[in-house]
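Just input36.pdb here, PDB, C-alpha atoms:
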```
ATOM      1  CA  MET A   1     -26.110  16.016  -5.340
ATOM      2  CA  ASP A   2     -23.407  14.500  -7.556
ATOM      3  CA  ARG A   3     -21.457  13.453  -4.474
ATOM      4  CA  LEU A   4     -24.559  11.796  -3.025
ATOM      5  CA  ASN A   5     -25.112   9.939  -6.295
ATOM      6  CA  ARG A   6     -21.569   8.555  -6.044
ATOM      7  CA  ILE A   7     -21.963   7.469  -2.426
ATOM      8  CA  TRP A   8     -25.325   5.736  -2.241
ATOM      9  CA  PRO A   9     -24.769   2.904  -4.812
ATOM     10  CA  PRO A  10     -21.797   1.349  -2.932
ATOM     11  CA  LEU A  11     -23.611   1.873   0.381
ATOM     12  CA  LEU A  12     -26.611  -0.025  -0.962
ATOM     13  CA  VAL A  13     -24.359  -2.854  -2.128
ATOM     14  CA  LEU A  14     -22.688  -3.015   1.289
ATOM     15  CA  ALA A  15     -26.082  -3.036   3.012
ATOM     16  CA  ALA A  16     -27.206  -5.882   0.738
ATOM     17  CA  ILE A  17     -24.044  -7.861   1.554
ATOM     18  CA  VAL A  18     -24.596  -7.392   5.311
ATOM     19  CA  ALA A  19     -28.252  -8.409   4.959
ATOM     20  CA  LEU A  20     -27.285 -11.526   2.984
ATOM     21  CA  TRP A  21     -24.602 -12.341   5.559
ATOM     22  CA  TRP A  22     -27.133 -12.068   8.408
ATOM     23  CA  ALA A  23     -29.708 -14.185   6.534
ATOM     24  CA  VAL A  24     -27.217 -16.958   5.732
ATOM     25  CA  VAL A  25     -25.974 -17.164   9.333
ATOM     26  CA  ALA A  26     -29.523 -17.108  10.724
ATOM     27  CA  HIS A  27     -30.741 -19.731   8.257
ATOM     28  CA  SER A  28     -27.788 -22.068   8.801
ATOM     29  CA  GLY A  29     -27.900 -21.786  12.583
ATOM     30  CA  SER A  30     -24.103 -21.719  12.664
ATOM     31  CA  LEU A  31     -22.586 -21.743  16.142
ATOM     32  CA  ILE A  32     -19.116 -20.808  14.885
ATOM     33  CA  PHE A  33     -19.403 -18.232  12.120
ATOM     34  CA  PRO A  34     -20.537 -14.900  13.612
ATOM     35  CA  SER A  35     -23.461 -12.714  12.627
ATOM     36  CA  PRO A  36     -22.974  -9.005  11.803
ATOM     37  CA  ARG A  37     -24.244  -8.120  15.284
ATOM     38  CA  GLN A  38     -21.709 -10.405  16.972
ATOM     39  CA  VAL A  39     -18.905  -8.899  14.893
ATOM     40  CA  ALA A  40     -19.980  -5.375  15.791
ATOM     41  CA  LEU A  41     -20.147  -6.270  19.492
ATOM     42  CA  GLY A  42     -16.724  -7.917  19.337
ATOM     43  CA  ALA A  43     -15.180  -4.840  17.700
ATOM     44  CA  LEU A  44     -16.882  -2.615  20.285
ATOM     45  CA  GLU A  45     -15.459  -4.780  23.068
ATOM     46  CA  LEU A  46     -11.912  -4.304  21.765
ATOM     47  CA  ALA A  47     -12.466  -0.595  21.163
ATOM     48  CA  ARG A  48     -13.690  -0.025  24.718
ATOM     49  CA  ASP A  49     -10.663  -1.617  26.386
ATOM     50  CA  GLY A  50      -8.252   0.098  23.971
ATOM     51  CA  THR A  51      -6.875  -3.123  22.491
ATOM     52  CA  LEU A  52      -8.213  -2.389  19.019
ATOM     53  CA  TRP A  53      -6.491   1.000  18.795
ATOM     54  CA  GLN A  54      -3.187  -0.523  19.935
ATOM     55  CA  HIS A  55      -3.342  -3.163  17.178
ATOM     56  CA  ILE A  56      -4.289  -0.584  14.531
ATOM     57  CA  ALA A  57      -1.500   1.763  15.630
ATOM     58  CA  ALA A  58       1.068  -1.062  15.561
ATOM     59  CA  SER A  59       0.066  -2.105  12.032
ATOM     60  CA  LEU A  60       0.062   1.466  10.711
ATOM     61  CA  LEU A  61       3.456   2.149  12.287
ATOM     62  CA  ARG A  62       5.003  -0.928  10.675
ATOM     63  CA  VAL A  63       3.520  -0.098   7.287
ATOM     64  CA  ALA A  64       4.623   3.543   7.528
ATOM     65  CA  THR A  65       8.170   2.530   8.484
ATOM     66  CA  GLY A  66       8.560  -0.059   5.737
ATOM     67  CA  PHE A  67       6.884   2.159   3.150
ATOM     68  CA  LEU A  68       9.032   5.215   3.945
ATOM     69  CA  LEU A  69      12.216   3.135   3.837
ATOM     70  CA  ALA A  70      11.132   1.810   0.445
ATOM     71  CA  LEU A  71      10.401   5.358  -0.736
ATOM     72  CA  VAL A  72      13.853   6.583   0.327
ATOM     73  CA  VAL A  73      15.505   3.736  -1.604
ATOM     74  CA  ALA A  74      13.200   3.528  -4.625
ATOM     75  CA  LEU A  75      12.917   7.169  -5.713
ATOM     76  CA  PRO A  76      16.614   7.994  -6.220
ATOM     77  CA  LEU A  77      17.291   4.535  -7.617
ATOM     78  CA  GLY A  78      14.372   4.734 -10.053
ATOM     79  CA  LEU A  79      15.346   8.245 -11.197
ATOM     80  CA  TRP A  80      18.935   7.140 -11.698
ATOM     81  CA  MET A  81      17.881   4.073 -13.700
ATOM     82  CA  GLY A  82      15.583   6.234 -15.798
ATOM     83  CA  ARG A  83      18.350   8.687 -16.683
ATOM     84  CA  VAL A  84      21.328   6.327 -17.051
ATOM     85  CA  ASP A  85      20.838   3.615 -19.659
ATOM     86  CA  ALA A  86      23.701   1.492 -18.342
ATOM     87  CA  ALA A  87      22.146   1.443 -14.860
ATOM     88  CA  TYR A  88      18.775   0.517 -16.320
ATOM     89  CA  ARG A  89      20.192  -2.314 -18.431
ATOM     90  CA  THR A  90      22.135  -3.652 -15.459
ATOM     91  CA  LEU A  91      19.578  -3.395 -12.660
ATOM     92  CA  ASN A  92      16.192  -3.700 -14.361
ATOM     93  CA  PRO A  93      16.495  -7.472 -15.044
ATOM     94  CA  VAL A  94      17.398  -8.034 -11.389
ATOM     95  CA  PHE A  95      14.394  -6.075 -10.134
ATOM     96  CA  GLN A  96      12.077  -7.726 -12.648
ATOM     97  CA  ILE A  97      13.172 -11.107 -11.248
ATOM     98  CA  MET A  98      12.724  -9.980  -7.634
ATOM     99  CA  ARG A  99       9.421  -8.163  -8.127
ATOM    100  CA  PRO A 100       7.146 -11.203  -8.774
ATOM    101  CA  ILE A 101       8.431 -13.048  -5.694
ATOM    102  CA  SER A 102       5.741 -12.733  -3.043
ATOM    103  CA  PRO A 103       6.976 -11.058   0.147
ATOM    104  CA  ILE A 104       5.208 -13.850   2.014
ATOM    105  CA  ALA A 105       7.761 -16.260   0.542
ATOM    106  CA  TRP A 106      10.422 -14.293   2.424
ATOM    107  CA  ILE A 107       8.827 -14.993   5.837
ATOM    108  CA  PRO A 108      11.115 -17.935   6.740
ATOM    109  CA  ILE A 109      14.191 -15.904   5.787
ATOM    110  CA  ALA A 110      12.903 -12.843   7.642
ATOM    111  CA  ILE A 111      12.451 -14.946  10.792
ATOM    112  CA  LEU A 112      15.916 -16.434  10.351
ATOM    113  CA  TRP A 113      17.540 -13.010   9.953
ATOM    114  CA  PHE A 114      15.470 -10.847  12.296
ATOM    115  CA  GLY A 115      13.534 -13.156  14.622
ATOM    116  CA  VAL A 116       9.872 -12.571  15.472
ATOM    117  CA  GLY A 117      10.069  -8.940  16.577
ATOM    118  CA  ASP A 118       9.112  -5.754  14.730
ATOM    119  CA  VAL A 119      12.011  -5.798  12.266
ATOM    120  CA  ALA A 120      10.833  -8.843  10.310
ATOM    121  CA  PRO A 121       7.424  -7.402   9.286
ATOM    122  CA  VAL A 122       9.026  -4.051   8.434
ATOM    123  CA  PHE A 123      11.504  -5.907   6.199
ATOM    124  CA  LEU A 124       8.663  -7.752   4.451
ATOM    125  CA  ILE A 125       6.706  -4.526   3.956
ATOM    126  CA  PHE A 126       9.837  -2.874   2.540
ATOM    127  CA  LEU A 127      10.213  -5.701   0.009
ATOM    128  CA  ALA A 128       6.550  -5.418  -0.956
ATOM    129  CA  ALA A 129       6.770  -1.675  -1.565
ATOM    130  CA  VAL A 130      10.209  -1.012  -3.004
ATOM    131  CA  PHE A 131      10.102  -2.857  -6.327
ATOM    132  CA  PRO A 132       6.840  -1.394  -7.735
ATOM    133  CA  MET A 133       8.097   2.110  -6.930
ATOM    134  CA  ILE A 134      11.479   1.528  -8.582
ATOM    135  CA  VAL A 135       9.924   0.132 -11.749
ATOM    136  CA  GLN A 136       7.219   2.817 -11.961
ATOM    137  CA  THR A 137       9.643   5.689 -11.334
ATOM    138  CA  SER A 138      12.159   4.530 -13.943
ATOM    139  CA  ALA A 139       9.313   3.980 -16.422
ATOM    140  CA  GLY A 140       8.092   7.519 -15.745
ATOM    141  CA  VAL A 141      11.503   8.990 -16.544
ATOM    142  CA  HIS A 142      11.664   6.983 -19.770
ATOM    143  CA  ALA A 143       8.215   8.285 -20.743
ATOM    144  CA  ILE A 144       9.359  11.939 -20.724
ATOM    145  CA  ASP A 145       9.432  13.299 -24.242
ATOM    146  CA  GLY A 146      13.120  13.515 -25.184
ATOM    147  CA  ARG A 147      12.545  16.706 -27.202
ATOM    148  CA  TYR A 148      12.038  18.721 -24.032
ATOM    149  CA  LEU A 149      15.176  17.355 -22.425
ATOM    150  CA  ARG A 150      17.254  18.012 -25.533
ATOM    151  CA  ALA A 151      15.832  21.525 -25.877
ATOM    152  CA  ALA A 152      16.725  22.321 -22.271
ATOM    153  CA  GLU A 153      20.242  20.964 -22.746
ATOM    154  CA  ASN A 154      20.682  22.976 -25.971
ATOM    155  CA  PHE A 155      19.765  26.151 -24.087
ATOM    156  CA  GLY A 156      22.397  25.372 -21.509
ATOM    157  CA  VAL A 157      20.053  24.607 -18.622
ATOM    158  CA  PRO A 158      22.195  23.291 -15.748
ATOM    159  CA  ARG A 159      21.738  19.608 -14.984
ATOM    160  CA  ALA A 160      20.518  20.241 -11.436
ATOM    161  CA  LYS A 161      17.904  22.745 -12.669
ATOM    162  CA  LEU A 162      16.838  20.370 -15.472
ATOM    163  CA  PHE A 163      16.362  17.616 -12.936
ATOM    164  CA  ARG A 164      14.523  19.818 -10.440
ATOM    165  CA  GLN A 165      12.253  21.781 -12.774
ATOM    166  CA  VAL A 166      11.649  19.372 -15.647
ATOM    167  CA  ILE A 167      12.278  15.736 -14.773
ATOM    168  CA  VAL A 168      10.843  15.657 -11.258
ATOM    169  CA  PRO A 169       7.559  17.485 -12.099
ATOM    170  CA  ALA A 170       7.107  15.354 -15.212
ATOM    171  CA  VAL A 171       7.629  12.077 -13.390
ATOM    172  CA  LEU A 172       5.471  12.910 -10.337
ATOM    173  CA  PRO A 173       2.274  11.292 -11.714
ATOM    174  CA  GLU A 174       4.133   8.026 -12.298
ATOM    175  CA  VAL A 175       5.771   8.241  -8.871
ATOM    176  CA  LEU A 176       2.385   8.691  -7.186
ATOM    177  CA  THR A 177       0.996   5.755  -9.137
ATOM    178  CA  GLY A 178       3.889   3.613  -7.961
ATOM    179  CA  MET A 179       3.391   4.813  -4.391
ATOM    180  CA  ARG A 180      -0.304   3.992  -4.515
ATOM    181  CA  ILE A 181       0.355   0.484  -5.803
ATOM    182  CA  SER A 182       3.141  -0.045  -3.275
ATOM    183  CA  LEU A 183       1.077   1.186  -0.333
ATOM    184  CA  GLY A 184      -1.775  -1.155  -1.248
ATOM    185  CA  VAL A 185       0.584  -4.122  -1.476
ATOM    186  CA  ALA A 186       2.309  -3.115   1.774
ATOM    187  CA  TRP A 187      -1.005  -2.981   3.641
ATOM    188  CA  LEU A 188      -1.895  -6.365   2.172
ATOM    189  CA  VAL A 189       1.392  -7.895   3.294
ATOM    190  CA  VAL A 190       1.280  -6.488   6.838
ATOM    191  CA  VAL A 191      -1.456  -8.941   7.806
ATOM    192  CA  ALA A 192       0.622 -11.980   6.859
ATOM    193  CA  ALA A 193       3.785 -10.392   8.229
ATOM    194  CA  GLU A 194       2.202  -9.729  11.629
ATOM    195  CA  MET A 195       1.190 -13.334  12.023
ATOM    196  CA  ILE A 196       4.811 -14.012  12.998
ATOM    197  CA  VAL A 197       5.082 -11.257  15.644
ATOM    198  CA  ARG A 198       4.568 -11.827  19.345
ATOM    199  CA  SER A 199       2.006  -9.375  20.593
ATOM    200  CA  SER A 200       0.560  -6.626  18.360
ATOM    201  CA  GLY A 201      -0.960  -5.712  15.029
ATOM    202  CA  LEU A 202      -4.129  -6.628  13.176
ATOM    203  CA  GLY A 203      -2.509  -9.748  11.722
ATOM    204  CA  PHE A 204      -1.582 -10.870  15.222
ATOM    205  CA  LEU A 205      -5.147 -10.089  16.352
ATOM    206  CA  ILE A 206      -6.561 -12.468  13.730
ATOM    207  CA  MET A 207      -4.288 -15.333  14.782
ATOM    208  CA  ASP A 208      -4.743 -14.654  18.492
ATOM    209  CA  ALA A 209      -8.533 -14.501  18.212
ATOM    210  CA  ARG A 210      -8.539 -17.774  16.281
ATOM    211  CA  ASN A 211      -6.344 -19.525  18.821
ATOM    212  CA  ALA A 212      -7.980 -18.044  21.937
ATOM    213  CA  GLY A 213     -11.281 -19.871  21.959
ATOM    214  CA  ASN A 214     -12.241 -19.568  18.293
ATOM    215  CA  ARG A 215     -13.292 -15.918  18.552
ATOM    216  CA  TYR A 216     -14.346 -15.662  14.926
ATOM    217  CA  ASP A 217     -16.283 -12.510  15.704
ATOM    218  CA  LEU A 218     -12.939 -10.800  16.351
ATOM    219  CA  VAL A 219     -11.381 -12.477  13.304
ATOM    220  CA  VAL A 220     -14.070 -11.067  11.000
ATOM    221  CA  ALA A 221     -14.003  -7.706  12.776
ATOM    222  CA  ALA A 222     -10.241  -7.447  12.179
ATOM    223  CA  MET A 223     -10.736  -8.372   8.518
ATOM    224  CA  ILE A 224     -13.353  -5.643   8.061
ATOM    225  CA  ILE A 225     -11.154  -3.071   9.815
ATOM    226  CA  ILE A 226      -8.226  -4.008   7.575
ATOM    227  CA  GLY A 227     -10.432  -3.428   4.528
ATOM    228  CA  LEU A 228     -11.704  -0.072   5.784
ATOM    229  CA  ILE A 229      -8.193   1.175   6.567
ATOM    230  CA  GLY A 230      -7.017  -0.001   3.144
ATOM    231  CA  LEU A 231      -9.874   1.950   1.562
ATOM    232  CA  GLY A 232      -8.850   5.049   3.530
ATOM    233  CA  LEU A 233      -5.200   4.743   2.509
ATOM    234  CA  ASP A 234      -6.161   4.366  -1.141
ATOM    235  CA  ALA A 235      -8.450   7.403  -0.900
ATOM    236  CA  LEU A 236      -5.558   9.398   0.569
ATOM    237  CA  MET A 237      -3.292   8.455  -2.321
ATOM    238  CA  ARG A 238      -6.020   9.341  -4.813
ATOM    239  CA  ARG A 239      -6.264  12.783  -3.225
ATOM    240  CA  LEU A 240      -2.527  13.239  -3.687
ATOM    241  CA  GLU A 241      -2.833  12.174  -7.327
ATOM    242  CA  GLY A 242      -5.455  14.886  -7.801
ATOM    243  CA  LEU A 243      -3.182  17.734  -6.718
ATOM    244  CA  LYS A 244      -2.473  20.300  -9.425
ATOM    245  CA  GLN A 245       1.296  19.893  -9.039
ATOM    246  CA  VAL A 246       1.018  16.135  -9.559
ATOM    247  CA  ARG A 247      -1.246  16.396 -12.606
ATOM    248  CA  TRP A 248       1.271  18.700 -14.294
ATOM    249  CA  ARG A 249       2.085  17.439 -17.770
ATOM    250  CA  TYR A 250       3.900  18.766 -20.789
ATOM    251  CA  ALA A 251       1.606  20.268 -23.392
ATOM    252  CA  ARG A 252       1.319  18.070 -26.454
TER     253      ARG A 252
END
```
For the structure just supplied, provide its representation as structure tokens.
Amino acid sequence: MDRLNRIWPPLLVLAAIVALWWAVVAHSGSLIFPSPRQVALGALELARDGTLWQHIAASLLRVATGFLLALVVALPLGLWMGRVDAAYRTLNPVFQIMRPISPIAWIPIAILWFGVGDVAPVFLIFLAAVFPMIVQTSAGVHAIDGRYLRAAENFGVPRAKLFRQVIVPAVLPEVLTGMRISLGVAWLVVVAAEMIVRSSGLGFLIMDARNAGNRYDLVVAAMIIIGLIGLGLDALMRRLEGLKQVRWRYAR
């Protein structure tokens, strides 16, 4: 019952939005902007011939590649910056300067360096994801109560064991928060990044549908699919944040 009470309010809001959308299109008599039915038929058309699944798979693969590369770089770097003050003082200003720069601003440079293949969007997704994870991970290490670290050191706990059994479990909630933020930004950036590729991805689908006879039904369908996949990715990260091992905290 509680789960049903959480589900029906957003479903009612979505139904109201679709109804308003249909009424506005019907009242205006627009010949360009599609109705909900036209969007659904356009998405069904792409799903039947397999094109839709190819675009979704291409986008997810690019996001997964860029996100995992960012994870491999950001986690050790963020942990190191959190533990070594000199590294934090040296690198944090650089990352704080780089972090606000939109990955979209890097598109001309990405094209110059990597062309219009798959590498350029992966590079842009990497840039979108890596800096939030670095900053969040280092902040998580700094947030660990120093008393516990000093107590472990006083009892002669080896550094590797201290890192493995104290620092990593304590910083996991912050790491997951950084990953969730980074994944959301990465999925946001993939649409713009794929507008420079030749033949695949949801971003490419939007541009191709616009250029190929003003198929705005496919444009809106791709936008809705992007939103639904983003919702699913966020729900997945929220499930990870709810794991008992991730919620582990020091008693206060």
Exercise for review: Have a look at CA of Met133 in chain A and CA of Glu194 in chain A and let me know their distance in Å, one decimal.
Suggested key: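 Straight-line distance from CA of Met133 in chain A to CA of Glu194 in chain A works out to 22.8 Å.
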Exercise for review: Pull out every residue that the PyMOL selection byres ((chain A and resi 34) around 10) matches in the shown coordinates and put them as a list in words.
Suggested key: Trp21, Trp22, Val25, Ala26, Ser30, Leu31, Ile32, Phe33, Ser35, Pro36, Arg37, Gln38, Val39, Ala40, Gly42, Arg215, Tyr216, Asp217, Leu218, Val219, Val220 and Ala221 of chain A
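Compared by their closest atoms to Leu79 in chain A, and using all atoms listed in the file, the residues A:Val197, A:Ile206, A:Leu172, A:Leu41 rank with A:Leu172 nearest.
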Check your understanding: Which is closest to Val141 in chain A among A:Gly117, A:Pro76, A:Pro100, A:Gly201, if we use all atoms listed in the file?
Key ->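 Of A:Gly117, A:Pro76, A:Pro100, A:Gly201, the one nearest Val141 in chain A is A:Pro76, counting all atoms listed in the file.
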Check your understanding: What's the 10 Å shell around Pro103 in chain A, counting only C-alpha atoms, without same-chain residues fewer than 4 positions away, as a list in words?
Key ->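 The residues that qualify are Met98, Arg99, Ile107, Ala110, Pro121, Phe123, Leu124, Ile125, Phe126, Leu127, Ala128, Ala129, Val185, Ala186, Val189, Val190, Ala192 and Ala193 of chain A.
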